$ cat my_file.tsv   # TSV, C-alpha atoms and all ligand atoms
chain	number	residue	atom	x	y	z
N	230	MET	CA	3.61	-4.76	-22.55
N	231	SER	CA	6.04	-7.70	-22.60
N	232	SER	CA	6.95	-9.65	-19.49
N	233	THR	CA	10.46	-9.63	-18.08
N	234	PRO	CA	12.13	-13.07	-17.97
N	235	ARG	CA	12.65	-14.56	-14.51
N	236	SER	CA	16.24	-14.66	-13.36
N	237	ARG	CA	18.11	-15.11	-10.11
N	238	THR	CA	21.19	-13.34	-11.47
N	239	SER	CA	21.42	-9.76	-10.26
N	240	THR	CA	23.37	-7.07	-12.10
N	241	CYS	CA	23.99	-5.26	-8.81
N	242	PRO	CA	27.61	-5.61	-7.68
N	243	TRP	CA	26.57	-5.13	-4.06
N	244	ARG	CA	24.13	-8.01	-4.35
N	245	ARG	CA	26.78	-10.25	-5.92
N	246	ARG	CA	29.09	-9.44	-3.05
N	247	THR	CA	26.56	-10.23	-0.33
N	248	THR	CA	25.22	-13.42	-1.91
N	249	SER	CA	28.73	-14.82	-2.10
N	250	GLY	CA	28.99	-14.39	1.67
N	251	ARG	CA	31.26	-11.34	1.89
N	252	SER	CA	30.73	-8.53	4.36
N	253	ARG	CA	27.74	-6.21	4.10
N	254	LEU	CA	29.68	-3.49	5.92
N	255	GLY	CA	30.77	-0.38	4.06
N	256	PRO	CA	28.88	1.71	1.54
N	257	PRO	CA	26.95	-0.34	-1.01
N	258	ALA	CA	28.50	-0.16	-4.45
N	259	CYS	CA	25.11	-0.16	-6.13
N	260	PRO	CA	23.89	3.36	-6.93
N	261	PRO	CA	20.18	3.83	-7.63
N	262	ASN	CA	20.01	2.89	-11.28
N	263	THR	CA	22.46	0.02	-11.70
N	264	MET	CA	19.73	-2.57	-11.04
N	265	ALA	CA	17.74	-1.39	-14.05
N	266	ALA	CA	18.46	-4.45	-16.18
N	267	ASP	CA	16.67	-6.91	-13.94
N	268	ARG	CA	14.43	-4.60	-11.96
N	269	VAL	CA	10.79	-5.57	-11.99
N	270	ARG	CA	8.53	-2.63	-12.70
N	271	HIS	CA	5.03	-3.91	-12.17
N	272	ALA	CA	2.84	-3.13	-9.19
N	273	ILE	CA	-0.25	-4.47	-7.48
N	274	VAL	CA	-2.30	-1.77	-5.74
N	275	THR	CA	-5.25	-2.85	-3.59
N	276	GLY	CA	-8.26	-0.64	-3.06
N	277	GLY	CA	-6.99	0.88	-6.28
N	278	ALA	CA	-10.33	1.98	-7.70
N	279	ASP	CA	-10.98	5.04	-5.57
N	280	GLY	CA	-9.55	7.45	-3.01
N	281	ILE	CA	-5.88	7.12	-2.10
N	282	GLY	CA	-5.52	3.86	-4.05
N	283	ALA	CA	-6.68	5.46	-7.29
N	284	GLY	CA	-4.19	8.27	-6.70
N	285	VAL	CA	-1.44	5.71	-6.23
N	286	VAL	CA	-2.43	3.83	-9.40
N	287	GLU	CA	-2.35	7.05	-11.41
N	288	ARG	CA	1.02	8.05	-9.97
N	289	LEU	CA	2.70	4.69	-10.52
N	290	LEU	CA	1.43	4.60	-14.11
N	291	SER	CA	2.94	8.02	-14.70
N	292	ASP	CA	6.17	6.74	-13.12
N	293	GLY	CA	6.25	4.13	-15.90
N	294	LEU	CA	5.10	1.04	-13.99
N	295	GLY	CA	2.53	-1.45	-15.17
N	296	VAL	CA	-0.23	-1.66	-12.55
N	297	VAL	CA	-2.79	-4.22	-11.44
N	298	ALA	CA	-5.54	-2.42	-9.54
N	299	VAL	CA	-7.46	-4.73	-7.21
N	300	ASP	CA	-10.79	-3.66	-5.74
N	301	VAL	CA	-14.15	-5.04	-4.60
N	302	SER	CA	-16.01	-2.43	-6.64
N	303	VAL	CA	-16.55	-3.44	-10.27
N	304	THR	CA	-18.10	-0.08	-11.13
N	305	ALA	CA	-15.31	1.98	-9.57
N	306	LEU	CA	-12.68	-0.12	-11.37
N	307	GLU	CA	-14.45	0.40	-14.68
N	308	GLU	CA	-14.65	4.14	-14.07
N	309	LEU	CA	-10.96	4.25	-13.17
N	310	ALA	CA	-9.93	2.37	-16.31
N	311	THR	CA	-12.05	4.69	-18.45
N	312	ARG	CA	-10.75	7.83	-16.74
N	313	LEU	CA	-7.08	6.85	-16.91
N	314	GLY	CA	-7.29	5.31	-20.40
N	315	ARG	CA	-4.13	3.19	-20.12
N	316	PRO	CA	-5.04	-0.29	-21.41
N	317	ASP	CA	-1.36	-0.83	-22.25
N	318	ALA	CA	-0.30	-0.63	-18.60
N	319	LEU	CA	-3.35	-0.84	-16.33
N	320	VAL	CA	-5.14	-4.11	-15.58
N	321	THR	CA	-8.01	-4.45	-13.13
N	322	VAL	CA	-8.94	-7.36	-10.89
N	323	VAL	CA	-12.22	-7.52	-8.99
N	324	GLY	CA	-11.81	-9.17	-5.62
N	325	ASP	CA	-11.72	-8.95	-1.85
N	326	VAL	CA	-8.22	-8.70	-0.38
N	327	ALA	CA	-9.32	-10.85	2.55
N	328	GLU	CA	-9.71	-13.83	0.18
N	329	PRO	CA	-6.62	-15.83	-0.80
N	330	ALA	CA	-8.24	-16.48	-4.22
N	331	THR	CA	-8.09	-12.73	-4.96
N	332	TRP	CA	-4.34	-12.75	-4.45
N	333	GLU	CA	-3.87	-15.77	-6.68
N	334	LYS	CA	-5.89	-13.99	-9.37
N	335	ALA	CA	-4.02	-10.70	-8.93
N	336	VAL	CA	-0.57	-12.31	-9.22
N	337	ASP	CA	-1.63	-14.54	-12.14
N	338	THR	CA	-3.11	-11.53	-13.92
N	339	CYS	CA	0.06	-9.52	-13.35
N	340	HIS	CA	2.18	-12.34	-14.78
N	341	ALA	CA	-0.07	-12.81	-17.80
N	342	ALA	CA	-0.59	-9.15	-18.67
N	343	LEU	CA	2.54	-7.40	-17.43
N	344	GLY	CA	5.20	-9.55	-15.79
N	345	PRO	CA	6.42	-10.43	-12.28
N	346	VAL	CA	5.34	-8.30	-9.34
N	347	GLY	CA	7.96	-5.86	-8.09
N	348	VAL	CA	5.83	-3.46	-6.05
N	349	LEU	CA	2.93	-4.14	-3.71
N	350	VAL	CA	0.82	-1.38	-2.22
N	351	ASN	CA	-1.48	-2.81	0.46
N	352	ASN	CA	-3.89	0.10	0.47
N	353	ALA	CA	-7.38	-1.41	0.77
N	354	GLY	CA	-8.97	-0.65	4.11
N	355	ILE	CA	-12.34	-0.11	5.73
N	356	SER	CA	-13.47	2.05	8.64
N	357	PRO	CA	-17.06	1.18	9.53
N	358	LYS	CA	-19.12	3.94	11.08
N	359	THR	CA	-22.74	4.38	12.10
N	360	ASP	CA	-24.37	7.48	10.63
N	361	GLY	CA	-20.91	8.91	9.99
N	362	ARG	CA	-19.78	8.48	13.61
N	363	LYS	CA	-17.48	5.97	15.23
N	364	ILE	CA	-18.99	3.08	17.12
N	365	ALA	CA	-17.86	2.74	20.74
N	366	GLY	CA	-15.49	-0.21	21.08
N	367	ARG	CA	-17.69	-1.91	23.64
N	368	SER	CA	-20.55	-1.98	21.11
N	369	ILE	CA	-18.70	-3.28	18.04
N	370	PRO	CA	-20.28	-6.57	16.94
N	371	LEU	CA	-17.85	-9.47	16.70
N	372	ALA	CA	-18.62	-9.97	13.01
N	373	GLU	CA	-17.68	-6.36	12.28
N	374	TRP	CA	-14.46	-6.65	14.29
N	375	ARG	CA	-13.52	-9.76	12.34
N	376	ARG	CA	-14.31	-8.14	9.00
N	377	VAL	CA	-12.09	-5.14	9.76
N	378	VAL	CA	-9.24	-7.43	10.85
N	379	ASP	CA	-9.71	-9.55	7.70
N	380	VAL	CA	-9.62	-6.61	5.29
N	381	ASN	CA	-7.18	-4.21	6.99
N	382	LEU	CA	-4.68	-6.70	8.37
N	383	THR	CA	-5.11	-10.20	6.97
N	384	GLY	CA	-5.47	-8.74	3.47
N	385	ALA	CA	-2.03	-7.15	3.75
N	386	PHE	CA	-0.54	-10.34	5.21
N	387	LEU	CA	-1.92	-12.41	2.33
N	388	GLY	CA	-0.60	-9.81	-0.10
N	389	VAL	CA	2.96	-10.06	1.15
N	390	GLN	CA	2.79	-13.86	1.04
N	391	ALA	CA	1.46	-13.73	-2.53
N	392	VAL	CA	4.10	-11.41	-3.99
N	393	ALA	CA	7.17	-12.44	-1.98
N	394	PRO	CA	8.15	-15.31	-4.35
N	395	ASP	CA	8.44	-12.94	-7.34
N	396	MET	CA	10.43	-10.43	-5.31
N	397	VAL	CA	12.75	-13.02	-3.78
N	398	ASP	CA	13.28	-14.47	-7.25
N	399	ARG	CA	14.39	-11.05	-8.49
N	400	GLN	CA	16.14	-10.01	-5.27
N	401	TRP	CA	14.24	-6.72	-5.52
N	402	GLY	CA	10.91	-5.58	-4.19
N	403	ARG	CA	9.01	-2.71	-2.60
N	404	ILE	CA	6.07	-3.23	-0.27
N	405	VAL	CA	4.09	-0.31	1.12
N	406	ASN	CA	1.37	-0.86	3.72
N	407	MET	CA	-1.25	1.84	4.22
N	408	SER	CA	-1.53	2.38	7.95
N	409	SER	CA	-3.06	5.56	9.40
N	410	GLN	CA	-2.55	8.33	11.88
N	411	ALA	CA	-5.10	6.29	13.84
N	412	GLY	CA	-2.47	3.55	14.11
N	413	ARG	CA	0.14	5.99	15.43
N	414	THR	CA	-1.92	7.70	18.11
N	415	GLY	CA	-5.42	7.63	19.58
N	416	THR	CA	-8.38	8.16	17.31
N	417	VAL	CA	-11.56	10.07	17.99
N	418	VAL	CA	-13.02	9.48	14.53
N	419	ALA	CA	-12.41	5.79	13.79
N	420	GLY	CA	-13.37	2.74	15.81
N	421	VAL	CA	-11.26	0.49	18.03
N	422	HIS	CA	-11.09	-2.14	15.28
N	423	TYR	CA	-9.73	0.38	12.80
N	424	GLY	CA	-7.14	1.79	15.21
N	425	ALA	CA	-6.07	-1.69	16.31
N	426	THR	CA	-5.57	-2.97	12.76
N	427	LYS	CA	-3.72	0.13	11.64
N	428	THR	CA	-1.33	-0.23	14.60
N	429	ALA	CA	-0.94	-3.94	13.83
N	430	LEU	CA	-0.03	-3.09	10.24
N	431	ILE	CA	2.97	-1.19	11.58
N	432	GLY	CA	4.06	-4.31	13.47
N	433	LEU	CA	3.51	-6.46	10.38
N	434	THR	CA	5.59	-3.99	8.39
N	435	ARG	CA	8.52	-4.22	10.79
N	436	ALA	CA	8.37	-8.00	11.04
N	437	PHE	CA	8.30	-8.55	7.27
N	438	ALA	CA	10.94	-5.86	6.75
N	439	GLY	CA	13.33	-7.83	8.95
N	440	GLU	CA	12.59	-11.11	7.18
N	441	LEU	CA	12.84	-9.80	3.63
N	442	ALA	CA	15.64	-7.24	3.83
N	443	GLY	CA	18.29	-9.76	2.83
N	444	ASP	CA	16.44	-10.37	-0.44
N	445	GLY	CA	16.55	-6.75	-1.55
N	446	ILE	CA	12.94	-6.16	-0.51
N	447	THR	CA	11.93	-3.14	1.55
N	448	VAL	CA	8.70	-3.06	3.54
N	449	ASN	CA	7.42	0.26	4.82
N	450	ALA	CA	4.20	1.75	6.14
N	451	VAL	CA	2.62	5.08	5.37
N	452	ALA	CA	0.45	6.72	8.04
N	453	PRO	CA	-1.80	9.32	6.40
N	454	GLY	CA	-3.68	11.91	8.39
N	455	LYS	CA	-6.98	13.22	7.01
N	456	ILE	CA	-7.08	12.73	3.24
N	457	GLU	CA	-10.01	13.86	1.09
N	458	THR	CA	-11.50	10.59	-0.16
N	459	PRO	CA	-14.85	8.78	-0.01
N	460	MET	CA	-13.73	7.27	3.33
N	461	MET	CA	-13.20	10.72	4.83
N	462	ARG	CA	-16.49	11.95	3.40
N	463	GLY	CA	-18.16	9.03	5.22
N	464	ALA	CA	-17.57	10.81	8.53
N	465	VAL	CA	-19.93	13.57	9.70
N	466	ALA	CA	-18.88	17.05	8.59
N	467	GLU	CA	-18.45	18.35	12.13
N	468	SER	CA	-15.88	15.70	13.02
N	469	ASN	CA	-13.87	16.53	9.88
N	470	GLU	CA	-14.10	20.25	10.74
N	471	ASP	CA	-12.83	19.52	14.27
N	472	PHE	CA	-9.98	17.56	12.77
N	473	LEU	CA	-9.11	20.36	10.37
N	474	ARG	CA	-8.60	22.76	13.28
N	475	GLY	CA	-5.81	20.44	14.50
N	476	ILE	CA	-3.87	20.36	11.22
N	477	PRO	CA	-1.05	22.92	11.38
N	478	VAL	CA	-0.75	23.28	7.58
N	479	GLY	CA	-4.41	24.27	7.53
N	480	HIS	CA	-5.81	21.84	4.97
N	481	PHE	CA	-6.60	18.19	4.41
N	482	GLY	CA	-4.32	16.01	2.32
N	483	SER	CA	-5.11	14.79	-1.19
N	484	PRO	CA	-4.65	11.28	-2.61
N	485	GLY	CA	-1.82	12.77	-4.70
N	486	ASP	CA	0.04	13.78	-1.53
N	487	ILE	CA	0.09	10.17	-0.37
N	488	ALA	CA	0.76	8.83	-3.87
N	489	ALA	CA	3.92	10.95	-4.12
N	490	LEU	CA	5.26	9.33	-0.95
N	491	VAL	CA	4.31	5.85	-2.13
N	492	SER	CA	6.04	6.56	-5.43
N	493	PHE	CA	9.27	7.32	-3.59
N	494	LEU	CA	9.01	4.26	-1.36
N	495	ALA	CA	8.30	2.14	-4.46
N	496	GLY	CA	11.41	3.32	-6.26
N	497	ASP	CA	15.13	2.63	-6.15
N	498	GLU	CA	16.17	5.67	-4.16
N	499	SER	CA	14.36	4.49	-1.03
N	500	ARG	CA	16.53	1.36	-0.80
N	501	PHE	CA	17.95	2.29	2.65
N	502	ILE	CA	14.50	2.77	4.18
N	503	THR	CA	12.81	-0.34	5.53
N	504	GLY	CA	10.60	-1.17	8.49
N	505	ALA	CA	9.73	2.52	8.73
N	506	THR	CA	6.38	4.20	9.21
N	507	VAL	CA	6.23	7.53	7.42
N	508	ASP	CA	3.70	10.09	8.68
N	509	ALA	CA	1.93	12.29	6.12
N	510	ASN	CA	-0.56	14.37	8.05
N	511	GLY	CA	0.09	18.10	7.69
N	512	GLY	CA	1.57	18.15	11.19
N	513	SER	CA	-1.53	16.88	12.99
N	514	PHE	CA	0.59	14.18	14.64
N	515	MET	CA	4.32	14.66	15.06
N	516	GLY	CA	5.66	11.39	16.39
N	601	LIG	N1	-8.85	8.95	3.82
N	601	LIG	C1	-8.17	9.11	4.94
N	601	LIG	O1	-8.28	10.16	5.61
N	601	LIG	C2	-7.25	8.02	5.42
N	601	LIG	C3	-6.43	8.32	6.52
N	601	LIG	C4	-5.55	7.36	6.98
N	601	LIG	C5	-5.47	6.12	6.36
N	601	LIG	N2	-6.27	5.84	5.31
N	601	LIG	C6	-6.16	4.52	4.73
N	601	LIG	O2	-5.87	4.62	3.36
N	601	LIG	C7	-6.46	3.53	2.66
N	601	LIG	C8	-7.35	4.08	1.56
N	601	LIG	O3	-8.31	4.92	2.18
N	601	LIG	P1	-9.33	5.80	1.33
N	601	LIG	O4	-9.66	6.96	2.16
N	601	LIG	O5	-8.84	5.98	-0.04
N	601	LIG	O6	-10.57	4.80	1.36
N	601	LIG	P2	-11.82	4.76	0.38
N	601	LIG	O7	-12.90	4.08	1.15
N	601	LIG	O8	-12.07	6.11	-0.14
N	601	LIG	O9	-11.32	3.80	-0.80
N	601	LIG	C9	-10.97	2.48	-0.48
N	601	LIG	C10	-11.01	1.61	-1.70
N	601	LIG	O10	-10.75	0.28	-1.24
N	601	LIG	C11	-11.73	-0.60	-1.77
N	601	LIG	N3	-11.92	-1.72	-0.85
N	601	LIG	C12	-12.58	-1.71	0.33
N	601	LIG	N4	-12.56	-2.94	0.87
N	601	LIG	C13	-11.88	-3.74	0.01
N	601	LIG	C14	-11.55	-5.11	0.02
N	601	LIG	N5	-11.93	-5.92	1.00
N	601	LIG	N6	-10.83	-5.60	-1.02
N	601	LIG	C15	-10.46	-4.80	-2.05
N	601	LIG	N7	-10.77	-3.49	-2.11
N	601	LIG	C16	-11.47	-2.96	-1.09
N	601	LIG	C17	-12.97	0.26	-1.93
N	601	LIG	O11	-13.90	-0.29	-2.85
N	601	LIG	C18	-12.38	1.59	-2.37
N	601	LIG	O12	-12.22	1.65	-3.78
N	601	LIG	C19	-7.20	2.71	3.69
N	601	LIG	O13	-6.41	1.64	4.14
N	601	LIG	C20	-7.43	3.69	4.83
N	601	LIG	O14	-7.55	3.05	6.07
N	601	LIG	C21	-7.17	6.76	4.83

$ encode --input "my_file.tsv" --output "structure tokens" --more "lines below"
Ligand SMILES: NC(=O)c1ccc[n+]([C@@H]2O[C@H](COP(=O)([O-])OP(=O)(O)OC[C@H]3O[C@@H](n4cnc5c(N)ncnc54)[C@H](O)[C@@H]3O)[C@@H](O)[C@H]2O)c1
Amino acid sequence: MSSTPRSRTSTCPWRRRTTSGRSRLGPPACPPNTMAADRVRHAIVTGGADGIGAGVVERLLSDGLGVVAVDVSVTALEELATRLGRPDALVTVVGDVAEPATWEKAVDTCHAALGPVGVLVNNAGISPKTDGRKIAGRSIPLAEWRRVVDVNLTGAFLGVQAVAPDMVDRQWGRIVNMSSQAGRTGTVVAGVHYGATKTALIGLTRAFAGELAGDGITVNAVAPGKIETPMMRGAVAESNEDFLRGIPVGHFGSPGDIAALVSFLAGDESRFITGATVDANGGSFMG
């Protein structure tokens, strides 16, 4: 796949109008597809080897994007690449999102193999449990608290910092942060560290959305309810069964359900949505 040349010149008439200092009021003259000529169509998806992230990788590939899947698990990345069989459009990077070096590698790999980054999905997250049950907040060791903050929150922060230059350069970008129902309301299944970081991700989303909106970049959060993934299967069966009784649609979500939403937020037609948190939970929390 060839890389798209870097350019600051937008083909969007609305963008030309705003960058020359004229009013932003009134309906934008740029319908969904007029930015096609200089739109960047490559994505970085973290935690992309399994669960929701793998669903997002698969969906974005089928949407026609080139994808860099970043994950700590070498084996899961290899399995994903084999299963999806898209060496033309899928590149994998092994690394921890909490490490700045991972982000440097992910962006460099995207540039070398695909082109500039246009979409970032900050999906990697951890929810430590003991024997499948949450740990009481008062008993969480400091090291575990710090690790959850590093992965769930700092990882996303580093991600936005790493990709923003490409997006600002192109005056187009889509950032999606994977929060959780646990960040929208209380949680009986996940720990205090998990709930706190998922709520903080919503704040990070709003703050970056405000900063980056003028550069054609949207930043949104998705707050999934219970989704069938290895993370969910890490909780004891009885707690998942309890949860299921509180889901009005009567079933858990699938990675594909979340991927469909991410696909929309990563595309052109979501251009008027930024700083939002979108719930996808089968009705188990109606904010
Ligand atoms: N499954 C759910 O019910 C649910 C609900 C709400 C929110 N979420 C959120 O969705 C995201 C994905 O959840 P999931 O259920 O697919 O999780 P999962 O544990 O099934 O998969 C997570 C993936 O992220 C990778 N990963 C973990 N730590 C990483 C790190 N430091 N750097 C890079 N990769 C890392 C793992 O190796 C794994 O491939 C998480 O942020 C999670 O908090 C999940």

$ residues_near_ligand --input "my_file.tsv" --ligand "ligand LIG 601 (chain N)" --cutoff "8 Å" --atoms "only C-alpha atoms and all ligand atoms" --output "JSON, numbers by chain"
{"N": [275, 276, 277, 278, 279, 280, 281, 282, 283, 299, 300, 301, 302, 305, 306, 323, 324, 325, 326, 327, 351, 352, 353, 354, 355, 356, 379, 380, 381, 384, 407, 408, 409, 410, 411, 423, 427, 452, 453, 454, 455, 456, 457, 458, 459, 460, 461, 482, 484]}

$ closest_residue --input "my_file.tsv" --among "N:Thr304, N:Thr359, N:Thr383, N:Asn510" --to "N:Ala429" --atoms "only C-alpha atoms"
N:Thr383

$ residues_around --input "my_file.tsv" --residues "N:Ala489" --least-positions-apart "2" --cutoff "12 Å" --atoms "all atoms listed in the file" --output "number ranges by chain"
N: 281-282, 284-289, 291-292, 451, 482-487, 491-496, 509

$ closest_residue --input "my_file.tsv" --among "N:Gly445, N:Asp360, N:Val421, N:Pro370" --to "N:Asp398" --atoms "all atoms listed in the file"
N:Gly445

$ axis_aligned_box --input "my_file.tsv" --around "stretch 345-363 of chain N" --padding-each-side "5 Å" --output "lines of an AutoDock Vina configuration file"
center_x = -8.2
center_y = -0.8
center_z = 1.5
size_x = 42.3
size_y = 29.3
size_z = 37.5

$ closest_residue --input "my_file.tsv" --among "N:Ile404, N:Val392, N:Ala365, N:Val296" --to "N:Val417" --atoms "all atoms listed in the file"
N:Ala365

$ atom_distance --input "my_file.tsv" --atom1 "atom CA of N:Val377" --atom2 "atom CA of N:Arg362"
16.1 Å

$ closest_residue --input "my_file.tsv" --among "N:Arg376, N:Arg399, N:Lys334, N:His480" --to "N:Asp444" --atoms "all atoms listed in the file"
N:Arg399

$ closest_residue --input "my_file.tsv" --among "N:Leu441, N:Thr311, N:His422, N:Ala466" --to "N:Ala372" --atoms "all atoms listed in the file"
N:His422

$ atom_distance --input "my_file.tsv" --atom1 "atom CA of N:Ala391" --atom2 "atom CA of N:Trp332"
6.2 Å

$ atom_distance --input "my_file.tsv" --atom1 "atom CA of N:Gly402" --atom2 "atom CA of N:Glu307"
28.1 Å

$ closest_residue --input "my_file.tsv" --among "N:Gly420, N:Val389, N:Gly344, N:Arg312" --to "N:Ala464" --atoms "all atoms listed in the file"
N:Gly420

$ residues_around --input "my_file.tsv" --residues "N:Arg403" --least-positions-apart "3" --cutoff "6 Å" --atoms "all atoms listed in the file" --output "list in words"
Val348, Ile446, Thr447 and Ala495 of chain N

$ residues_around --input "my_file.tsv" --residues "N:Asn406" --least-positions-apart "5" --cutoff "8 Å" --atoms "only C-alpha atoms" --output "JSON, numbers by chain"
{"N": [350, 351, 352, 385, 430, 434, 448, 449, 450, 451]}

$ write_last_selection --input "my_file.tsv" --atoms "C-alpha atoms" --output "PDB file, in the frame of the given file"
ATOM      1  CA  VAL N 350       0.820  -1.380  -2.220  1.00  0.00           C
ATOM      2  CA  ASN N 351      -1.480  -2.810   0.460  1.00  0.00           C
ATOM      3  CA  ASN N 352      -3.890   0.100   0.470  1.00  0.00           C
ATOM      4  CA  ALA N 385      -2.030  -7.150   3.750  1.00  0.00           C
ATOM      5  CA  LEU N 430      -0.030  -3.090  10.240  1.00  0.00           C
ATOM      6  CA  THR N 434       5.590  -3.990   8.390  1.00  0.00           C
ATOM      7  CA  VAL N 448       8.700  -3.060   3.540  1.00  0.00           C
ATOM      8  CA  ASN N 449       7.420   0.260   4.820  1.00  0.00           C
ATOM      9  CA  ALA N 450       4.200   1.750   6.140  1.00  0.00           C
ATOM     10  CA  VAL N 451       2.620   5.080   5.370  1.00  0.00           C
TER      11      VAL N 451
END
